[in-house]
Amino acid sequence: MKTMTPLSSRGRTWFQALAEKAQPVDTGLGSVLVSDATWGGERVRLLALVPDPRNRFPRARHGELGLEEGWALAHHVREAIAADRGGVKRPIIAIVDVQSQAYGRLEALLGIHLSLAAAADAYASARMAGHPVVALIVGTALSGGLLAHGNQAHRLLALDDPQVVIQAMRKQSAARVTRRTVEELDELGKTILPMAYDIRQFAKLGLLHELIAGIDADAPSAPQIARVKDRVAAAIADIRKNPGDLTSRLNNPEAKVHRAASIEVRRRLAEQWNA
């Protein structure tokens with residue numbers, strides 16, 4: 001019988017790098033990695049989604065967030081919330097390299113929308129319960145995958161790398177929907193920032209807390225890993241100083257320039273709601 005080897009992924013690379021020798025938590029899934037690492041004497045919970053060629057759902061074998069993955073992430077985030085109730089709230093770090101949600105007939109029939117909603121709700125609940133929540137985007141962050149795993153974090157950090165992509169839809173799919181070529185979409189992305197796939201263009205929307213440059217995303221050196229840990233730790237410290245909500249994604253210079261219309265729409269909605 002042919003032996004199957006795990007597919008490589010940036011999510012796995014960075015999970016292993018940041019967890020170091022910490023004992024992994026048994027998730028029962030090859031696609032969901034969880035560990036409680038110790039950074040500078042403080043415990044942090046790391047969660048990552050990785051490809052699993054043995055996944056019993058074929059649509060979730062290449063790093064997609066599927067039915068079981070959403071429920072598993074929700075369980076292990078809520079497990080940390082329950083364990084820390086009344087004590088020190090450990091930081092929760094979502095390592096993001098996710099190929100969207102899993103698309104398939106079984107997923108639709110069995111309620112993948114509920115699975116993804118459970119994961120998103122768990123991260124939001126952790127944030128509101130006082131856990132510093134950070135998302136470290138190291139690879140692909142597409143559509144429902146990002147919404148369920150990472151987007152509810154207090155702070156979004158990303159590696160400055162050409163293969164780091166944050167978008168609602170893959171280029172090829174967006175090209176079909178808009179009846180344009182991929183090349184035309186790339187050109188539009190240079191002037192219409194929400195359509196850009198380049199992480200530096202995306203950063204101009206003000207959604208990222210920090211873009212970390214000078215890191216080999218696929219094979220980071222020890223100093224590079226230490227630097228990323230330092231930046232995540234700085235984000236955690238910033239959250240503890242000023243936890244707030246997610247309005248920091250709007251109340252910054254980049255957002256005020258490039259998302260002015262969105263900010264104005266929110267202002268008018270709030271004005272009508274509170275009238």
# chains A, B, ... in the order shown; residues from 1 in each chain; ligands from 1
>>> residues_around(residues="stretch 261-275 of chain A", least_positions_apart="2", cutoff="8 Å", atoms="only C-alpha atoms", output="list in words")
Leu250, Lys256 and Arg259 of chain A
>>> write_last_selection(atoms="N, CA, C and O atoms", output="PDB file, in the first residue's frame")
ATOM      1  N   LEU A 250     -10.634  50.992  11.049  1.00  0.00           N
ATOM      2  CA  LEU A 250     -11.165  52.181  10.379  1.00  0.00           C
ATOM      3  C   LEU A 250     -10.508  53.454  10.888  1.00  0.00           C
ATOM      4  O   LEU A 250     -10.383  54.427  10.153  1.00  0.00           O
ATOM      5  N   LYS A 256      -8.659  56.095   6.573  1.00  0.00           N
ATOM      6  CA  LYS A 256      -9.326  57.380   6.390  1.00  0.00           C
ATOM      7  C   LYS A 256      -9.145  57.918   4.978  1.00  0.00           C
ATOM      8  O   LYS A 256      -9.994  58.663   4.481  1.00  0.00           O
ATOM      9  N   ARG A 259     -10.649  54.334   2.583  1.00  0.00           N
ATOM     10  CA  ARG A 259     -11.968  53.770   2.893  1.00  0.00           C
ATOM     11  C   ARG A 259     -12.904  54.865   3.385  1.00  0.00           C
ATOM     12  O   ARG A 259     -13.785  54.619   4.217  1.00  0.00           O
TER      13      ARG A 259
END
>>> closest_residue(among="A:Arg105, A:His76, A:Lys229, A:His154", to="A:Ala119", atoms="only C-alpha atoms")
A:His76
>>> atom_distance(atom1="atom CA of A:Asp97", atom2="atom CA of A:Ala141")
5.8 Å
>>> residues_around(residues="A:Pro24", least_positions_apart="3", cutoff="9 Å", atoms="only C-alpha atoms", output="list of chain:residue names")
A:Ala19, A:Lys21, A:Thr27, A:Leu33, A:Val34, A:Ser35, A:Asp36, A:Ala37
>>> residues_around(residues="A:Arg90", least_positions_apart="4", cutoff="7 Å", atoms="only C-alpha atoms", output="list in words")
Arg43, Val44, Arg45 and His131 of chain A
>>> residues_around(residues="A:Ser31", least_positions_apart="6", cutoff="10 Å", atoms="only C-alpha atoms", output="ChimeraX atom specification")
/A:6,12,48-55,60-66,68-69,72
>>> write_last_selection(atoms="all heavy atoms", output="short mmCIF file (atom, residue, chain, number, x, y, z; two decimals), in the first residue's frame")
data_model
loop_
_atom_site.label_atom_id
_atom_site.label_comp_id
_atom_site.auth_asym_id
_atom_site.auth_seq_id
_atom_site.Cartn_x
_atom_site.Cartn_y
_atom_site.Cartn_z
N PRO A 6 2.12 13.99 4.20
CA PRO A 6 1.37 15.24 4.35
C PRO A 6 1.81 16.28 3.33
O PRO A 6 3.00 16.40 3.03
CB PRO A 6 1.71 15.68 5.78
CG PRO A 6 2.21 14.46 6.47
CD PRO A 6 2.86 13.63 5.40
N ARG A 12 1.71 24.92 8.33
CA ARG A 12 2.44 23.92 9.11
C ARG A 12 3.84 24.43 9.47
O ARG A 12 4.31 24.27 10.60
CB ARG A 12 2.54 22.62 8.32
CG ARG A 12 3.12 21.44 9.12
CD ARG A 12 3.29 20.21 8.24
NE ARG A 12 2.03 19.79 7.65
CZ ARG A 12 1.12 19.04 8.28
NH1 ARG A 12 1.34 18.64 9.53
NH2 ARG A 12 0.01 18.69 7.67
N ALA A 48 -3.69 26.38 13.73
CA ALA A 48 -3.39 26.47 12.30
C ALA A 48 -4.21 25.44 11.54
O ALA A 48 -4.57 24.38 12.06
CB ALA A 48 -1.91 26.24 12.05
N LEU A 49 -4.50 25.77 10.31
CA LEU A 49 -5.19 24.86 9.40
C LEU A 49 -4.20 24.43 8.33
O LEU A 49 -3.53 25.29 7.74
CB LEU A 49 -6.38 25.56 8.75
CG LEU A 49 -7.32 24.70 7.92
CD1 LEU A 49 -8.17 23.83 8.82
CD2 LEU A 49 -8.22 25.59 7.06
N VAL A 50 -4.07 23.13 8.09
CA VAL A 50 -3.07 22.63 7.14
C VAL A 50 -3.70 21.59 6.21
O VAL A 50 -4.73 21.00 6.53
CB VAL A 50 -1.87 22.00 7.89
CG1 VAL A 50 -1.19 23.02 8.78
CG2 VAL A 50 -2.31 20.78 8.70
N PRO A 51 -3.09 21.35 5.05
CA PRO A 51 -3.58 20.31 4.14
C PRO A 51 -3.50 18.93 4.79
O PRO A 51 -2.59 18.65 5.57
CB PRO A 51 -2.64 20.40 2.94
CG PRO A 51 -2.07 21.78 3.00
CD PRO A 51 -1.96 22.11 4.46
N ASP A 52 -4.46 18.08 4.45
CA ASP A 52 -4.47 16.70 4.95
C ASP A 52 -4.98 15.78 3.85
O ASP A 52 -6.19 15.72 3.60
CB ASP A 52 -5.37 16.58 6.18
CG ASP A 52 -5.47 15.14 6.68
OD1 ASP A 52 -4.60 14.33 6.32
OD2 ASP A 52 -6.42 14.83 7.42
N PRO A 53 -4.09 15.07 3.16
CA PRO A 53 -4.52 14.20 2.05
C PRO A 53 -5.41 13.04 2.49
O PRO A 53 -6.05 12.41 1.65
CB PRO A 53 -3.19 13.70 1.48
CG PRO A 53 -2.21 13.82 2.59
CD PRO A 53 -2.63 15.03 3.38
N ARG A 54 -5.47 12.79 3.80
CA ARG A 54 -6.31 11.69 4.31
C ARG A 54 -7.69 12.17 4.77
O ARG A 54 -8.48 11.39 5.28
CB ARG A 54 -5.60 11.00 5.48
CG ARG A 54 -4.29 10.33 5.12
CD ARG A 54 -3.68 9.64 6.34
NE ARG A 54 -2.44 8.96 6.03
CZ ARG A 54 -1.25 9.51 6.02
NH1 ARG A 54 -1.15 10.81 6.29
NH2 ARG A 54 -0.17 8.82 5.73
N ASN A 55 -7.95 13.45 4.62
CA ASN A 55 -9.22 14.00 5.08
C ASN A 55 -10.39 13.24 4.45
O ASN A 55 -10.40 13.00 3.24
CB ASN A 55 -9.31 15.48 4.70
CG ASN A 55 -10.38 16.22 5.46
OD1 ASN A 55 -11.53 15.80 5.53
ND2 ASN A 55 -10.00 17.34 6.05
N ALA A 60 -11.78 19.06 1.28
CA ALA A 60 -11.03 19.74 2.34
C ALA A 60 -9.64 19.14 2.53
O ALA A 60 -9.12 19.12 3.64
CB ALA A 60 -11.82 19.67 3.65
N ARG A 61 -9.05 18.67 1.44
CA ARG A 61 -7.75 17.99 1.55
C ARG A 61 -6.56 18.88 1.24
O ARG A 61 -5.42 18.47 1.43
CB ARG A 61 -7.73 16.76 0.62
CG ARG A 61 -8.63 15.64 1.12
CD ARG A 61 -8.65 14.46 0.18
NE ARG A 61 -9.48 13.39 0.72
CZ ARG A 61 -9.86 12.31 0.05
NH1 ARG A 61 -9.45 12.15 -1.21
NH2 ARG A 61 -10.62 11.40 0.62
N HIS A 62 -6.80 20.08 0.77
CA HIS A 62 -5.68 20.92 0.32
C HIS A 62 -5.59 22.24 1.09
O HIS A 62 -5.12 23.24 0.57
CB HIS A 62 -5.80 21.19 -1.18
CG HIS A 62 -5.72 19.96 -2.00
ND1 HIS A 62 -6.84 19.21 -2.31
CD2 HIS A 62 -4.66 19.31 -2.55
CE1 HIS A 62 -6.48 18.15 -3.03
NE2 HIS A 62 -5.17 18.20 -3.19
N GLY A 63 -6.03 22.21 2.34
CA GLY A 63 -5.94 23.41 3.15
C GLY A 63 -7.20 24.24 3.18
O GLY A 63 -7.20 25.37 3.66
N GLU A 64 -8.31 23.67 2.67
CA GLU A 64 -9.59 24.37 2.76
C GLU A 64 -10.17 24.21 4.17
O GLU A 64 -9.90 23.25 4.86
CB GLU A 64 -10.59 23.81 1.74
CG GLU A 64 -10.15 23.93 0.30
CD GLU A 64 -9.31 22.76 -0.18
OE1 GLU A 64 -8.95 21.90 0.66
OE2 GLU A 64 -9.00 22.71 -1.39
N LEU A 65 -10.99 25.16 4.56
CA LEU A 65 -11.66 25.07 5.86
C LEU A 65 -13.00 24.38 5.64
O LEU A 65 -13.92 24.95 5.08
CB LEU A 65 -11.85 26.45 6.46
CG LEU A 65 -11.98 26.51 7.99
CD1 LEU A 65 -11.67 27.91 8.50
CD2 LEU A 65 -13.35 26.07 8.46
N GLY A 66 -13.07 23.13 6.06
CA GLY A 66 -14.26 22.32 5.82
C GLY A 66 -15.14 22.18 7.05
O GLY A 66 -14.96 22.87 8.06
N GLU A 68 -15.52 19.74 9.38
CA GLU A 68 -14.90 19.34 10.64
C GLU A 68 -13.91 20.38 11.13
O GLU A 68 -13.76 20.57 12.35
CB GLU A 68 -14.21 17.99 10.46
CG GLU A 68 -15.17 16.85 10.19
CD GLU A 68 -14.48 15.51 10.08
OE1 GLU A 68 -13.55 15.40 9.25
OE2 GLU A 68 -14.85 14.58 10.82
N GLU A 69 -13.26 21.07 10.21
CA GLU A 69 -12.26 22.06 10.59
C GLU A 69 -12.89 23.23 11.35
O GLU A 69 -12.36 23.70 12.35
CB GLU A 69 -11.52 22.57 9.35
CG GLU A 69 -10.54 21.57 8.74
CD GLU A 69 -11.22 20.41 8.03
OE1 GLU A 69 -12.39 20.57 7.59
OE2 GLU A 69 -10.59 19.35 7.90
N ALA A 72 -13.88 22.12 14.81
CA ALA A 72 -12.69 21.84 15.63
C ALA A 72 -12.04 23.15 16.11
O ALA A 72 -11.66 23.27 17.28
CB ALA A 72 -11.68 21.02 14.84
#
>>> select_by_dssp(residues="stretch 35-234 of chain A", states="strand (DSSP E or B)", output="PyMOL selection string")
chain A and resi 35-39+42-49+65+92-98+101+133-142+155-159+165-167+210-212
>>> write_last_selection(atoms="N, CA and C atoms", output="short mmCIF file (atom, residue, chain, number, x, y, z; two decimals), in the first residue's frame")
data_model
loop_
_atom_site.label_atom_id
_atom_site.label_comp_id
_atom_site.auth_asym_id
_atom_site.auth_seq_id
_atom_site.Cartn_x
_atom_site.Cartn_y
_atom_site.Cartn_z
N SER A 35 -1.67 24.01 19.70
CA SER A 35 -0.64 23.81 20.71
C SER A 35 -0.63 24.99 21.67
N ASP A 36 -0.25 24.72 22.93
CA ASP A 36 -0.05 25.78 23.91
C ASP A 36 1.44 25.95 24.12
N ALA A 37 1.99 26.97 23.50
CA ALA A 37 3.42 27.24 23.60
C ALA A 37 3.68 28.24 24.72
N THR A 38 4.92 28.33 25.13
CA THR A 38 5.31 29.29 26.15
C THR A 38 6.27 30.30 25.55
N TRP A 39 5.85 31.57 25.56
CA TRP A 39 6.67 32.65 25.04
C TRP A 39 7.01 33.60 26.19
N GLU A 42 4.97 33.22 29.22
CA GLU A 42 3.52 33.31 29.05
C GLU A 42 3.02 32.23 28.10
N ARG A 43 1.91 31.62 28.44
CA ARG A 43 1.32 30.59 27.60
C ARG A 43 0.48 31.24 26.50
N VAL A 44 0.63 30.77 25.28
CA VAL A 44 -0.18 31.24 24.15
C VAL A 44 -0.75 30.02 23.44
N ARG A 45 -1.97 30.15 22.96
CA ARG A 45 -2.58 29.06 22.18
C ARG A 45 -2.45 29.35 20.70
N LEU A 46 -1.81 28.43 19.98
CA LEU A 46 -1.62 28.54 18.53
C LEU A 46 -2.59 27.62 17.82
N LEU A 47 -3.20 28.10 16.75
CA LEU A 47 -4.10 27.28 15.94
C LEU A 47 -3.77 27.48 14.47
N ALA A 48 -3.69 26.38 13.73
CA ALA A 48 -3.39 26.47 12.30
C ALA A 48 -4.21 25.44 11.54
N LEU A 49 -4.50 25.77 10.31
CA LEU A 49 -5.19 24.86 9.40
C LEU A 49 -4.20 24.43 8.33
N LEU A 65 -10.99 25.16 4.56
CA LEU A 65 -11.66 25.07 5.86
C LEU A 65 -13.00 24.38 5.64
N ILE A 92 -4.47 34.17 21.99
CA ILE A 92 -4.86 33.18 21.00
C ILE A 92 -4.36 33.66 19.64
N ILE A 93 -3.55 32.82 18.99
CA ILE A 93 -2.91 33.21 17.74
C ILE A 93 -3.36 32.29 16.62
N ALA A 94 -4.04 32.86 15.64
CA ALA A 94 -4.47 32.11 14.46
C ALA A 94 -3.40 32.25 13.38
N ILE A 95 -2.78 31.15 13.01
CA ILE A 95 -1.80 31.15 11.92
C ILE A 95 -2.57 30.85 10.64
N VAL A 96 -2.58 31.81 9.72
CA VAL A 96 -3.50 31.74 8.59
C VAL A 96 -2.78 31.42 7.28
N ASP A 97 -3.13 30.29 6.72
CA ASP A 97 -2.77 29.89 5.37
C ASP A 97 -3.88 28.95 4.92
N VAL A 98 -4.99 29.54 4.48
CA VAL A 98 -6.21 28.76 4.25
C VAL A 98 -6.77 29.01 2.85
N GLN A 101 -13.11 28.29 1.96
CA GLN A 101 -13.90 27.23 2.56
C GLN A 101 -14.00 26.07 1.57
N VAL A 133 -6.33 38.38 20.79
CA VAL A 133 -6.44 37.50 19.62
C VAL A 133 -5.69 38.14 18.46
N VAL A 134 -4.71 37.41 17.93
CA VAL A 134 -3.89 37.90 16.82
C VAL A 134 -3.96 36.91 15.67
N ALA A 135 -4.10 37.40 14.45
CA ALA A 135 -4.03 36.55 13.27
C ALA A 135 -2.72 36.86 12.55
N LEU A 136 -1.92 35.84 12.32
CA LEU A 136 -0.67 35.97 11.57
C LEU A 136 -0.87 35.33 10.21
N ILE A 137 -0.94 36.14 9.16
CA ILE A 137 -1.22 35.65 7.82
C ILE A 137 0.10 35.37 7.12
N VAL A 138 0.35 34.10 6.84
CA VAL A 138 1.64 33.68 6.27
C VAL A 138 1.53 33.17 4.85
N GLY A 139 0.31 33.01 4.35
CA GLY A 139 0.12 32.48 3.00
C GLY A 139 -1.19 32.98 2.42
N THR A 140 -1.98 32.06 1.92
CA THR A 140 -3.26 32.41 1.30
C THR A 140 -4.32 32.62 2.38
N ALA A 141 -5.13 33.66 2.20
CA ALA A 141 -6.23 33.93 3.13
C ALA A 141 -7.44 34.33 2.29
N LEU A 142 -8.22 33.34 1.92
CA LEU A 142 -9.30 33.57 0.96
C LEU A 142 -10.68 33.38 1.57
N ARG A 155 -5.99 42.06 16.05
CA ARG A 155 -4.97 42.59 15.15
C ARG A 155 -4.64 41.57 14.06
N LEU A 156 -4.54 42.05 12.83
CA LEU A 156 -4.12 41.23 11.70
C LEU A 156 -2.69 41.61 11.33
N LEU A 157 -1.79 40.61 11.33
CA LEU A 157 -0.42 40.82 10.89
C LEU A 157 -0.19 39.93 9.67
N ALA A 158 0.63 40.37 8.74
CA ALA A 158 0.90 39.58 7.55
C ALA A 158 2.36 39.68 7.17
N LEU A 159 2.88 38.62 6.58
CA LEU A 159 4.24 38.65 6.05
C LEU A 159 4.23 39.39 4.72
N VAL A 165 -1.70 36.35 0.07
CA VAL A 165 -2.84 36.90 -0.67
C VAL A 165 -4.06 36.95 0.25
N ILE A 166 -4.69 38.11 0.34
CA ILE A 166 -5.93 38.26 1.10
C ILE A 166 -6.99 38.76 0.14
N GLN A 167 -8.01 37.95 -0.10
CA GLN A 167 -9.05 38.37 -1.04
C GLN A 167 -10.32 37.57 -0.80
N GLU A 210 0.09 45.32 10.97
CA GLU A 210 1.49 45.41 10.59
C GLU A 210 1.80 44.47 9.43
N LEU A 211 2.65 44.93 8.54
CA LEU A 211 3.18 44.12 7.45
C LEU A 211 4.65 43.85 7.77
N ILE A 212 4.99 42.59 7.97
CA ILE A 212 6.33 42.23 8.44
C ILE A 212 7.21 41.89 7.24
#
>>> atom_distance(atom1="atom CA of A:Trp14", atom2="atom CA of A:Arg249")
24.9 Å
>>> select_by_dssp(residues="stretch 104-272 of chain A", states="helix (DSSP H, G or I)", output="number ranges by chain")
A: 105-109, 112-128, 143-148, 171-178, 182-189, 193-195, 199-203, 222-241, 247-249, 253-258, 260-272
>>> closest_residue(among="A:Gly144, A:Pro91, A:Gly206, A:Gly111", to="A:Pro253", atoms="only C-alpha atoms")
A:Gly206
>>> residues_around(residues="A:Val257", least_positions_apart="5", cutoff="9 Å", atoms="only C-alpha atoms", output="list in words")
Lys204, Leu205 and Asn252 of chain A
>>> closest_residue(among="A:Ala260, A:Ala126, A:Leu67, A:Met195", to="A:Lys171", atoms="only C-alpha atoms")
A:Met195
>>> closest_residue(among="A:Thr13, A:Leu109, A:Leu246, A:Gly214", to="A:Asn151", atoms="only C-alpha atoms")
A:Leu246
